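Asks: Sharing my_file.txt, compact mmCIF, C-alpha atoms:
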```txt
# COMPACT_ATOMS: atom_id res chain seq x y z
CA MET A 1 -29.40 10.68 1.01
CA ASN A 2 -26.00 9.02 1.61
CA LEU A 3 -23.91 7.83 -1.27
CA ASN A 4 -23.86 4.06 -1.80
CA VAL A 5 -20.35 2.78 -2.45
CA PHE A 6 -19.57 -0.82 -3.39
CA MET A 7 -15.86 -1.55 -2.96
CA THR A 8 -14.26 -4.65 -4.46
CA VAL A 9 -10.88 -6.16 -3.55
CA ALA A 10 -9.42 -9.58 -4.28
CA SER A 11 -8.50 -10.63 -0.75
CA LEU A 12 -8.47 -9.70 2.91
CA ASP A 13 -5.59 -12.07 3.62
CA PRO A 14 -2.69 -9.93 4.93
CA SER A 15 -0.18 -12.15 3.11
CA THR A 16 -1.46 -10.76 -0.21
CA GLY A 17 -0.09 -7.29 0.50
CA GLY A 18 -1.13 -3.75 1.35
CA PRO A 19 -4.62 -3.59 -0.25
CA SER A 20 -5.89 -6.29 2.15
CA ARG A 21 -5.41 -3.71 4.91
CA SER A 22 -5.69 -0.33 3.22
CA VAL A 23 -8.92 -0.99 1.28
CA PRO A 24 -11.01 -1.90 4.35
CA ARG A 25 -9.55 1.09 6.23
CA LEU A 26 -10.45 3.34 3.32
CA GLY A 27 -13.98 1.96 3.42
CA GLU A 28 -14.22 2.69 7.12
CA ALA A 29 -12.86 6.22 6.63
CA VAL A 30 -15.35 7.01 3.85
CA LYS A 31 -18.22 5.57 5.88
CA LYS A 32 -17.21 7.71 8.84
CA VAL A 33 -17.67 10.89 6.79
CA GLY A 34 -21.08 10.01 5.41
CA ALA A 35 -21.23 7.28 2.76
CA ASP A 36 -22.81 3.85 2.96
CA VAL A 37 -19.98 1.42 2.13
CA GLN A 38 -20.08 -2.31 1.45
CA LEU A 39 -16.98 -4.37 0.73
CA PHE A 40 -17.02 -7.34 -1.66
CA VAL A 41 -14.20 -9.89 -1.72
CA ASN A 42 -13.47 -13.29 -3.23
CA ASN A 43 -14.69 -16.43 -1.53
CA GLN A 44 -11.75 -17.77 0.47
CA GLU A 45 -12.63 -21.22 1.77
CA GLY A 46 -15.88 -19.80 3.14
CA LYS A 47 -14.01 -17.38 5.40
CA ILE A 48 -15.34 -14.10 4.07
CA GLY A 49 -14.57 -11.26 6.42
CA GLN A 50 -12.77 -13.37 9.02
CA ASN A 51 -9.67 -11.20 8.82
CA LYS A 52 -10.67 -9.14 11.85
CA ASN A 53 -7.41 -7.23 11.56
CA ALA A 54 -8.54 -5.76 8.25
CA THR A 55 -12.20 -4.94 8.92
CA SER A 56 -14.34 -3.60 11.69
CA GLU A 57 -17.86 -4.60 12.64
CA SER A 58 -19.10 -1.34 11.11
CA LEU A 59 -18.11 -2.35 7.56
CA SER A 60 -20.30 -4.91 5.81
CA VAL A 61 -18.24 -7.61 4.06
CA ASN A 62 -19.83 -9.75 1.34
CA ALA A 63 -18.87 -12.41 -1.17
CA VAL A 64 -18.25 -10.93 -4.61
CA ASN A 65 -21.02 -12.96 -6.23
CA LYS A 66 -23.51 -10.85 -4.28
CA LEU A 67 -22.34 -7.60 -5.89
CA GLY A 68 -24.73 -7.72 -8.84
CA ASP A 69 -27.73 -8.42 -6.60
CA ALA A 70 -26.80 -5.55 -4.27
CA VAL A 71 -26.47 -3.08 -7.16
CA LYS A 72 -29.70 -4.29 -8.76
CA LYS A 73 -31.63 -3.81 -5.51
CA LEU A 74 -30.63 -0.15 -5.31
CA LYS A 75 -31.13 0.51 -9.02
CA GLU A 76 -34.69 -0.81 -8.75
CA LYS A 77 -35.34 2.06 -6.34
CA ASN A 78 -34.22 4.49 -9.08
CA LEU A 79 -31.34 5.74 -6.97
CA ASN A 80 -28.70 7.78 -8.77
CA ASN A 81 -26.19 7.81 -5.91
CA VAL A 82 -24.58 4.41 -6.50
CA LEU A 83 -21.03 3.67 -7.66
CA ILE A 84 -18.45 0.87 -7.66
CA HIS A 85 -14.90 1.45 -6.48
CA ASN A 86 -12.73 -1.42 -7.69
CA HIS A 87 -9.27 -2.02 -6.21
CA GLY A 88 -6.76 -3.89 -8.37
CA ILE A 89 -6.82 -5.20 -11.93
CA TRP A 90 -6.20 -8.45 -13.86
CA LEU A 91 -8.19 -10.76 -11.59
CA PRO A 92 -11.71 -12.14 -12.18
CA ILE A 93 -13.13 -10.06 -9.33
CA ASN A 94 -11.83 -6.88 -10.98
CA HIS A 95 -13.29 -7.86 -14.34
CA TYR A 96 -16.61 -8.68 -12.67
CA ALA A 97 -16.70 -5.24 -11.03
CA SER A 98 -16.25 -3.58 -14.44
CA GLU A 99 -18.89 -5.79 -16.05
CA THR A 100 -21.35 -5.00 -13.24
CA ALA A 101 -20.78 -1.26 -13.58
CA LYS A 102 -21.37 -1.48 -17.32
CA ARG A 103 -24.44 -3.70 -16.95
CA PHE A 104 -26.20 -1.31 -14.57
CA ASN A 105 -24.78 1.90 -16.08
CA ILE A 106 -23.25 3.19 -12.87
CA PRO A 107 -19.93 5.01 -12.37
CA LEU A 108 -16.77 2.96 -11.85
CA ILE A 109 -13.69 4.16 -10.03
CA ILE A 110 -10.55 2.05 -10.43
CA SER A 111 -7.60 1.99 -8.06
CA PRO A 112 -4.91 -0.10 -9.84
CA ARG A 113 -3.01 -0.48 -6.56
CA GLY A 114 0.39 -0.51 -8.23
CA MET A 115 -0.54 -3.09 -10.84
CA LEU A 116 0.10 -0.67 -13.73
CA GLU A 117 3.62 0.23 -12.59
CA PRO A 118 6.30 -0.65 -15.21
CA TRP A 119 7.90 -3.27 -12.97
CA ALA A 120 4.53 -4.92 -12.32
CA LEU A 121 3.59 -4.89 -16.02
CA ASN A 122 6.84 -6.64 -16.91
CA TYR A 123 6.31 -9.33 -14.28
CA ARG A 124 4.70 -12.31 -16.05
CA ARG A 125 4.41 -10.03 -19.08
CA LEU A 126 3.06 -12.55 -21.59
CA LYS A 127 0.10 -13.50 -19.42
CA LYS A 128 -0.74 -9.85 -18.82
CA THR A 129 -0.40 -8.96 -22.50
CA ILE A 130 -3.02 -11.57 -23.35
CA ALA A 131 -5.34 -10.32 -20.59
CA TRP A 132 -4.82 -6.72 -21.77
CA ILE A 133 -5.96 -7.62 -25.27
CA LEU A 134 -8.88 -9.81 -24.17
CA TYR A 135 -10.50 -7.61 -21.52
CA GLN A 136 -8.27 -5.45 -19.32
CA ARG A 137 -7.88 -2.38 -21.54
CA ARG A 138 -11.62 -2.40 -22.22
CA ASP A 139 -12.37 -2.61 -18.49
CA LEU A 140 -10.09 0.34 -17.73
CA LYS A 141 -11.60 2.52 -20.46
CA ILE A 142 -15.07 2.49 -18.88
CA ALA A 143 -13.80 4.02 -15.63
CA SER A 144 -15.10 7.45 -14.66
CA VAL A 145 -11.96 8.15 -12.62
CA PHE A 146 -8.68 6.44 -11.84
CA HIS A 147 -7.42 6.67 -8.28
CA ALA A 148 -3.63 6.81 -7.89
CA ALA A 149 -1.91 6.68 -4.51
CA SER A 150 0.94 8.95 -5.63
CA ASP A 151 2.15 11.22 -8.43
CA LYS A 152 4.46 8.39 -9.47
CA GLU A 153 1.55 5.99 -9.92
CA ALA A 154 -0.48 8.66 -11.72
CA ASN A 155 2.33 9.11 -14.24
CA SER A 156 2.45 5.35 -14.86
CA ILE A 157 -1.30 5.23 -15.50
CA GLU A 158 -1.23 8.30 -17.75
CA SER A 159 1.53 6.76 -19.87
CA LEU A 160 -0.97 4.16 -21.08
CA GLY A 161 -2.89 6.87 -22.95
CA LEU A 162 -6.34 6.10 -21.52
CA ARG A 163 -7.24 9.81 -21.10
CA ILE A 164 -9.43 9.44 -18.01
CA PRO A 165 -9.55 11.86 -15.02
CA MET A 166 -7.14 11.02 -12.22
CA ALA A 167 -7.66 11.43 -8.47
CA ILE A 168 -4.36 11.44 -6.58
CA ILE A 169 -5.05 10.45 -2.97
CA PRO A 170 -2.46 8.62 -0.86
CA ASN A 171 -3.16 5.74 1.46
CA GLY A 172 -3.86 6.63 5.03
CA VAL A 173 -2.08 5.19 8.02
CA ASP A 174 -3.06 4.49 11.61
CA ILE A 175 -1.14 6.58 14.11
CA PRO A 176 0.15 4.44 17.00
CA MET A 177 0.89 5.66 20.48
CA PHE A 178 4.29 7.31 20.22
CA ARG A 179 7.17 5.88 22.19
CA LYS A 180 8.93 8.11 24.69
CA LEU A 181 12.01 9.96 23.55
CA GLY A 182 13.91 9.10 26.70
CA GLU A 183 17.49 7.93 27.00
CA ASP A 184 18.23 4.91 24.84
CA ILE A 185 20.93 2.77 26.49
CA LYS A 186 20.50 -0.50 24.62
CA LYS A 187 23.58 -1.83 22.83
CA GLU A 188 21.98 -4.00 20.14
CA ARG A 189 20.33 -2.20 17.19
CA THR A 190 17.80 -3.43 14.64
CA ALA A 191 17.15 -2.55 11.01
CA LEU A 192 13.63 -3.73 10.17
CA PHE A 193 12.09 -4.86 6.89
CA LEU A 194 8.36 -5.57 7.03
CA GLY A 195 6.41 -6.72 3.99
CA ARG A 196 5.99 -9.55 1.53
CA ILE A 197 9.18 -11.53 0.92
CA HIS A 198 9.02 -11.11 -2.84
CA SER A 199 11.58 -10.50 -5.56
CA SER A 200 10.19 -6.98 -6.09
CA LYS A 201 11.18 -5.91 -2.56
CA GLY A 202 14.95 -5.87 -3.10
CA LEU A 203 15.98 -8.10 -0.21
CA ILE A 204 18.87 -9.61 -2.18
CA ASN A 205 20.23 -6.08 -2.57
CA LEU A 206 19.85 -5.57 1.17
CA VAL A 207 21.95 -8.65 1.92
CA ARG A 208 24.65 -7.59 -0.54
CA ALA A 209 24.69 -4.03 0.80
CA TRP A 210 25.00 -5.33 4.36
CA THR A 211 28.13 -7.30 3.45
CA LYS A 212 29.81 -4.02 2.54
CA ILE A 213 29.29 -2.45 5.98
CA CYS A 214 28.84 -5.32 8.51
CA PRO A 215 28.16 -2.93 11.40
CA GLU A 216 28.90 -4.12 14.92
CA TYR A 217 25.91 -4.64 17.24
CA TRP A 218 23.36 -4.35 14.41
CA ASN A 219 21.01 -7.05 13.13
CA VAL A 220 18.39 -7.20 10.39
CA LEU A 221 14.87 -8.36 11.17
CA ILE A 222 12.74 -9.51 8.21
CA ALA A 223 9.02 -9.81 8.97
CA GLY A 224 6.42 -10.88 6.45
CA PRO A 225 5.03 -13.79 4.45
CA ASP A 226 7.06 -15.71 1.90
CA GLU A 227 5.74 -15.34 -1.64
CA GLY A 228 6.70 -17.63 -4.49
CA GLY A 229 9.50 -19.26 -2.50
CA HIS A 230 11.65 -16.11 -2.52
CA LYS A 231 12.59 -16.53 1.13
CA ALA A 232 14.77 -19.53 0.20
CA GLU A 233 16.64 -17.39 -2.34
CA VAL A 234 17.27 -14.69 0.25
CA GLU A 235 18.40 -17.23 2.84
CA LEU A 236 20.82 -18.75 0.34
CA GLU A 237 22.33 -15.30 -0.30
CA ILE A 238 22.62 -14.71 3.45
CA GLN A 239 24.43 -18.02 3.94
CA ARG A 240 26.71 -17.36 0.99
CA HIS A 241 27.92 -14.16 2.67
CA GLY A 242 28.18 -15.66 6.17
CA LEU A 243 25.45 -13.46 7.65
CA SER A 244 23.17 -16.11 9.16
CA ASP A 245 23.71 -14.72 12.67
CA THR A 246 22.79 -11.21 11.54
CA PHE A 247 19.58 -11.76 9.54
CA ASN A 248 16.49 -13.11 11.28
CA PHE A 249 13.12 -14.10 9.75
CA VAL A 250 10.04 -14.01 11.96
CA GLY A 251 7.24 -14.72 9.45
CA PRO A 252 4.00 -12.74 9.05
CA VAL A 253 3.04 -10.29 11.81
CA GLU A 254 -0.13 -8.27 12.31
CA ASP A 255 -1.64 -5.68 14.61
CA SER A 256 -0.02 -5.43 18.05
CA ASP A 257 2.97 -7.59 17.07
CA LYS A 258 3.58 -5.46 13.99
CA TRP A 259 3.48 -2.17 15.89
CA GLU A 260 5.71 -3.63 18.60
CA MET A 261 8.32 -4.44 15.94
CA TYR A 262 8.20 -0.88 14.63
CA LYS A 263 8.50 0.38 18.20
CA ASN A 264 11.56 -1.73 19.03
CA ALA A 265 13.44 -1.13 15.77
CA ASP A 266 15.98 1.63 15.17
CA LEU A 267 15.74 1.92 11.39
CA PHE A 268 13.31 0.82 8.67
CA VAL A 269 14.56 -0.38 5.28
CA LEU A 270 12.49 -0.99 2.13
CA PRO A 271 14.93 -1.53 -0.79
CA THR A 272 12.06 -2.03 -3.24
CA PHE A 273 12.11 -2.10 -7.03
CA SER A 274 8.54 -0.80 -7.34
CA GLU A 275 5.81 0.57 -5.06
CA ASN A 276 2.77 2.65 -5.93
CA PHE A 277 2.77 3.95 -2.35
CA GLY A 278 4.51 1.77 0.23
CA ILE A 279 2.21 1.75 3.25
CA VAL A 280 4.92 0.22 5.44
CA VAL A 281 6.97 3.38 4.93
CA ALA A 282 4.10 5.47 6.30
CA GLU A 283 3.63 3.05 9.21
CA ALA A 284 7.33 3.19 10.07
CA LEU A 285 7.30 6.98 9.99
CA ALA A 286 4.16 7.05 12.14
CA SER A 287 6.06 4.90 14.64
CA GLY A 288 8.93 7.38 14.80
CA LEU A 289 11.42 5.43 12.70
CA PRO A 290 13.80 6.93 10.14
CA VAL A 291 13.37 5.18 6.79
CA ILE A 292 15.60 4.12 3.91
CA THR A 293 13.77 3.36 0.69
CA THR A 294 14.41 3.61 -3.02
CA LYS A 295 13.18 5.77 -5.87
CA GLY A 296 11.11 2.77 -6.88
CA SER A 297 8.72 4.16 -4.26
CA PRO A 298 7.14 7.66 -4.24
CA TRP A 299 8.77 8.87 -1.01
CA ALA A 300 10.77 11.96 -1.98
CA GLU A 301 9.28 13.49 1.18
CA LEU A 302 11.81 11.53 3.24
CA GLU A 303 14.56 13.88 2.17
CA GLU A 304 12.36 16.97 1.93
CA HIS A 305 11.36 16.54 5.59
CA LYS A 306 14.73 15.15 6.71
CA CYS A 307 13.27 11.93 8.07
CA GLY A 308 15.07 9.38 5.91
CA TRP A 309 16.90 8.48 2.70
CA TRP A 310 15.32 8.25 -0.78
CA ILE A 311 17.96 6.52 -2.88
CA ASP A 312 18.61 5.05 -6.31
CA ILE A 313 17.90 1.36 -6.70
CA GLY A 314 21.02 -0.76 -6.26
CA VAL A 315 23.51 -2.19 -3.83
CA GLU A 316 25.95 0.74 -3.68
CA PRO A 317 23.38 3.49 -2.91
CA LEU A 318 21.80 1.24 -0.29
CA ALA A 319 25.11 0.49 1.40
CA LYS A 320 25.92 4.22 1.51
CA ALA A 321 22.57 5.10 3.09
CA LEU A 322 22.84 2.28 5.62
CA GLN A 323 26.30 3.46 6.59
CA GLU A 324 25.05 7.01 7.12
CA ALA A 325 22.07 5.85 9.17
CA ILE A 326 24.11 3.55 11.37
CA LYS A 327 26.69 6.26 12.12
CA LEU A 328 24.00 8.56 13.56
CA THR A 329 23.59 8.78 17.30
CA PRO A 330 20.38 7.43 18.84
CA GLU A 331 19.32 11.02 19.49
CA GLU A 332 19.81 11.97 15.83
CA ARG A 333 17.81 8.96 14.64
CA LYS A 334 15.01 9.78 17.05
CA ALA A 335 14.90 13.38 15.86
CA MET A 336 14.53 12.11 12.29
CA GLY A 337 11.77 9.78 13.46
CA LEU A 338 9.90 12.60 15.15
CA ARG A 339 9.95 14.64 11.94
CA GLY A 340 8.63 11.60 10.07
CA ARG A 341 5.76 11.16 12.51
CA GLN A 342 4.81 14.82 12.12
CA LEU A 343 4.76 14.35 8.34
CA VAL A 344 2.35 11.41 8.62
CA GLU A 345 0.08 13.18 11.09
CA GLN A 346 -0.16 16.15 8.74
CA ASN A 347 -0.68 14.37 5.40
CA TYR A 348 -1.73 10.75 5.88
CA SER A 349 -4.41 10.51 8.56
CA TRP A 350 -7.42 8.36 7.62
CA ASP A 351 -9.82 11.19 8.45
CA LYS A 352 -8.20 13.39 5.82
CA ILE A 353 -8.07 10.58 3.24
CA GLY A 354 -11.73 9.66 3.81
CA LYS A 355 -12.89 13.22 3.19
CA GLU A 356 -10.85 13.51 0.00
CA MET A 357 -12.19 10.25 -1.40
CA LEU A 358 -15.77 11.21 -0.54
CA SER A 359 -15.31 14.48 -2.45
CA VAL A 360 -14.31 12.45 -5.52
CA TYR A 361 -17.38 10.23 -5.21
CA GLU A 362 -19.66 13.27 -4.92
CA TRP A 363 -18.10 14.89 -7.96
CA VAL A 364 -18.47 11.73 -10.05
CA LEU A 365 -22.14 11.40 -9.13
CA LYS A 366 -23.23 15.04 -9.01
CA GLY A 367 -20.84 16.88 -11.32
CA GLY A 368 -19.67 20.46 -10.83
CA SER A 369 -16.11 21.58 -10.25
CA PRO A 370 -13.68 18.72 -9.58
CA PRO A 371 -11.99 18.52 -6.17
CA SER A 372 -8.40 19.73 -5.94
CA CYS A 373 -7.06 16.16 -5.89
CA VAL A 374 -8.50 15.44 -9.38
CA ILE A 375 -6.52 16.05 -12.57
CA LEU A 376 -8.59 16.32 -15.72
CA ASP A 377 -7.08 15.05 -18.98
```
Would you write out, as structure tokens, the structure that this file holds?
Replies:
Amino acid sequence: MNLNVFMTVASLDPSTGGPSRSVPRLGEAVKKVGADVQLFVNNQEGKIGQNKNATSESLSVNAVNKLGDAVKKLKEKNLNNVLIHNHGIWLPINHYASETAKRFNIPLIISPRGMLEPWALNYRRLKKTIAWILYQRRDLKIASVFHAASDKEANSIESLGLRIPMAIIPNGVDIPMFRKLGEDIKKERTALFLGRIHSSKGLINLVRAWTKICPEYWNVLIAGPDEGGHKAEVELEIQRHGLSDTFNFVGPVEDSDKWEMYKNADLFVLPTFSENFGIVVAEALASGLPVITTKGSPWAELEEHKCGWWIDIGVEPLAKALQEAIKLTPEERKAMGLRGRQLVEQNYSWDKIGKEMLSVYEWVLKGGSPPSCVILD
């Protein structure tokens, strides 16, 4: 009999960040390899599941208040192949997932989704300290397994001393049709940032680094939703340095528009302070783009596979990497991009990720030897 997996995530709104896209895709990947998966999300103005970019018709999407009833229905059949996989922490939906797992005595897998990274813990620290004392530590301690998207995230989780097994499985990425590697005769070049416009993403550093190089015929395209009014802060910095003609904001983009931006760009830049994975890095690599990102993300593979720059956080390292990238010929950048695409195809396909996650579920429910991706305390 198939495993029954109930996944919970706070939102399917793309403006909330990577989990709104990666969690439904994970559900689809796990379902494809043999599990029965249902996704439970918060009520959002009665528009449950209307983000068609994030879900397919094959994945059932439900309001979170139906989670308890769904679990109860299966438990009444005396099934022992039921588990909850909760994505994220701190929010009421995450607490409800833990309470439901405890109530029905079923395994709980928790994917913190970067919310236990040091930078994230320090953001609005007082509020999180109170939540940690009241319920969050207790919720984490009942987990059967933590799921980390990288070694970096696993280390952050382990530093909390919870002593729970850890499955290290990266996010997957869709592989777009690859652009031709023909002659590139265009004069204008584009460095692309795609993601939430948030203080954690390092866009102020990008503006300040750009002032140090001011390359001719290059522009910076910033795509993504504004969060907390940070866009105004970035725009003010751009104006202060006289770069208004160089930096362009296009707002949120999804699906075909997003992939078209990757396709038309020449370089991808994510000057982040903290990422547990950085799915936009994988998407850029899959699109054949060389990438610059910081050691706030877990992408040492960029340098290992010679497909980008993995740099210290700060203006000076970023300016140096940008200068090196811009000096490359189009052919050299495309060769880097091809190596990046090969890396993604080898390590980050959704088929591979779905099989690894299913092996974790089976181990949690049936026991035996842990899969290779699991680290026991």
Asks: Between A:Ala148, A:Leu328, A:Ala35, A:Leu322, which residue has the minimum interatomic distance to Ala167 of chain A, considering only C-alpha atoms?
Replies: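 When distances to Ala167 of chain A are compared using only C-alpha atoms, the smallest one comes from A:Ala148.
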Asks: Give as a VMD selection string every residue, naming chains and numbers as the document does, that has an atom within 12 Å of (21.3, -14.2, 4.0), counting all atoms listed in the file.
Replies: chain A and resid 203 to 211 219 to 222 230 to 249
Asks: Pick out the residues sitting within 7 Å of Asn86 of chain A, and hand them over as a PyMOL selection string; count all atoms listed in the file, and ignore anything fewer than 2 positions along from it in its own chain.
Replies: chain A and resi 7-9+84+88+94+97+109-111
Asks: How close does each residue of segment 95-168 of chain A get to segment 290-314 of chain A, giving the shortest atom pair and distance in Å to one decimal for every residue with an atom at most 8 Å away, counting all atoms listed in the file, sorted by chain and residue number, as a tab-separated table?
Replies:
```
residue	atom	partner	partner_atom	distance
A:Ser150	CA	A:Pro298	CA	6.5
A:Asp151	CA	A:Pro298	CA	7.4
A:Lys152	CA	A:Pro298	CA	5.9
```
Asks: Figure out the distance between atom CA of Gln38 of chain A and atom CA of Lys72 of chain A, please, to one decimal in Å.
Replies: 14.2 Å
Asks: At what distance in Å, to one decimal, does atom CA of Leu59 of chain A lie from atom CA of Gly27 of chain A?
Replies: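 Atom CA of Leu59 of chain A lies 7.3 Å from atom CA of Gly27 of chain A.
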Asks: What does the structure give for the distance between atom CA of Ile213 of chain A and atom CA of Arg341 of chain A, in Å to one decimal?
Replies: 28.0 Å
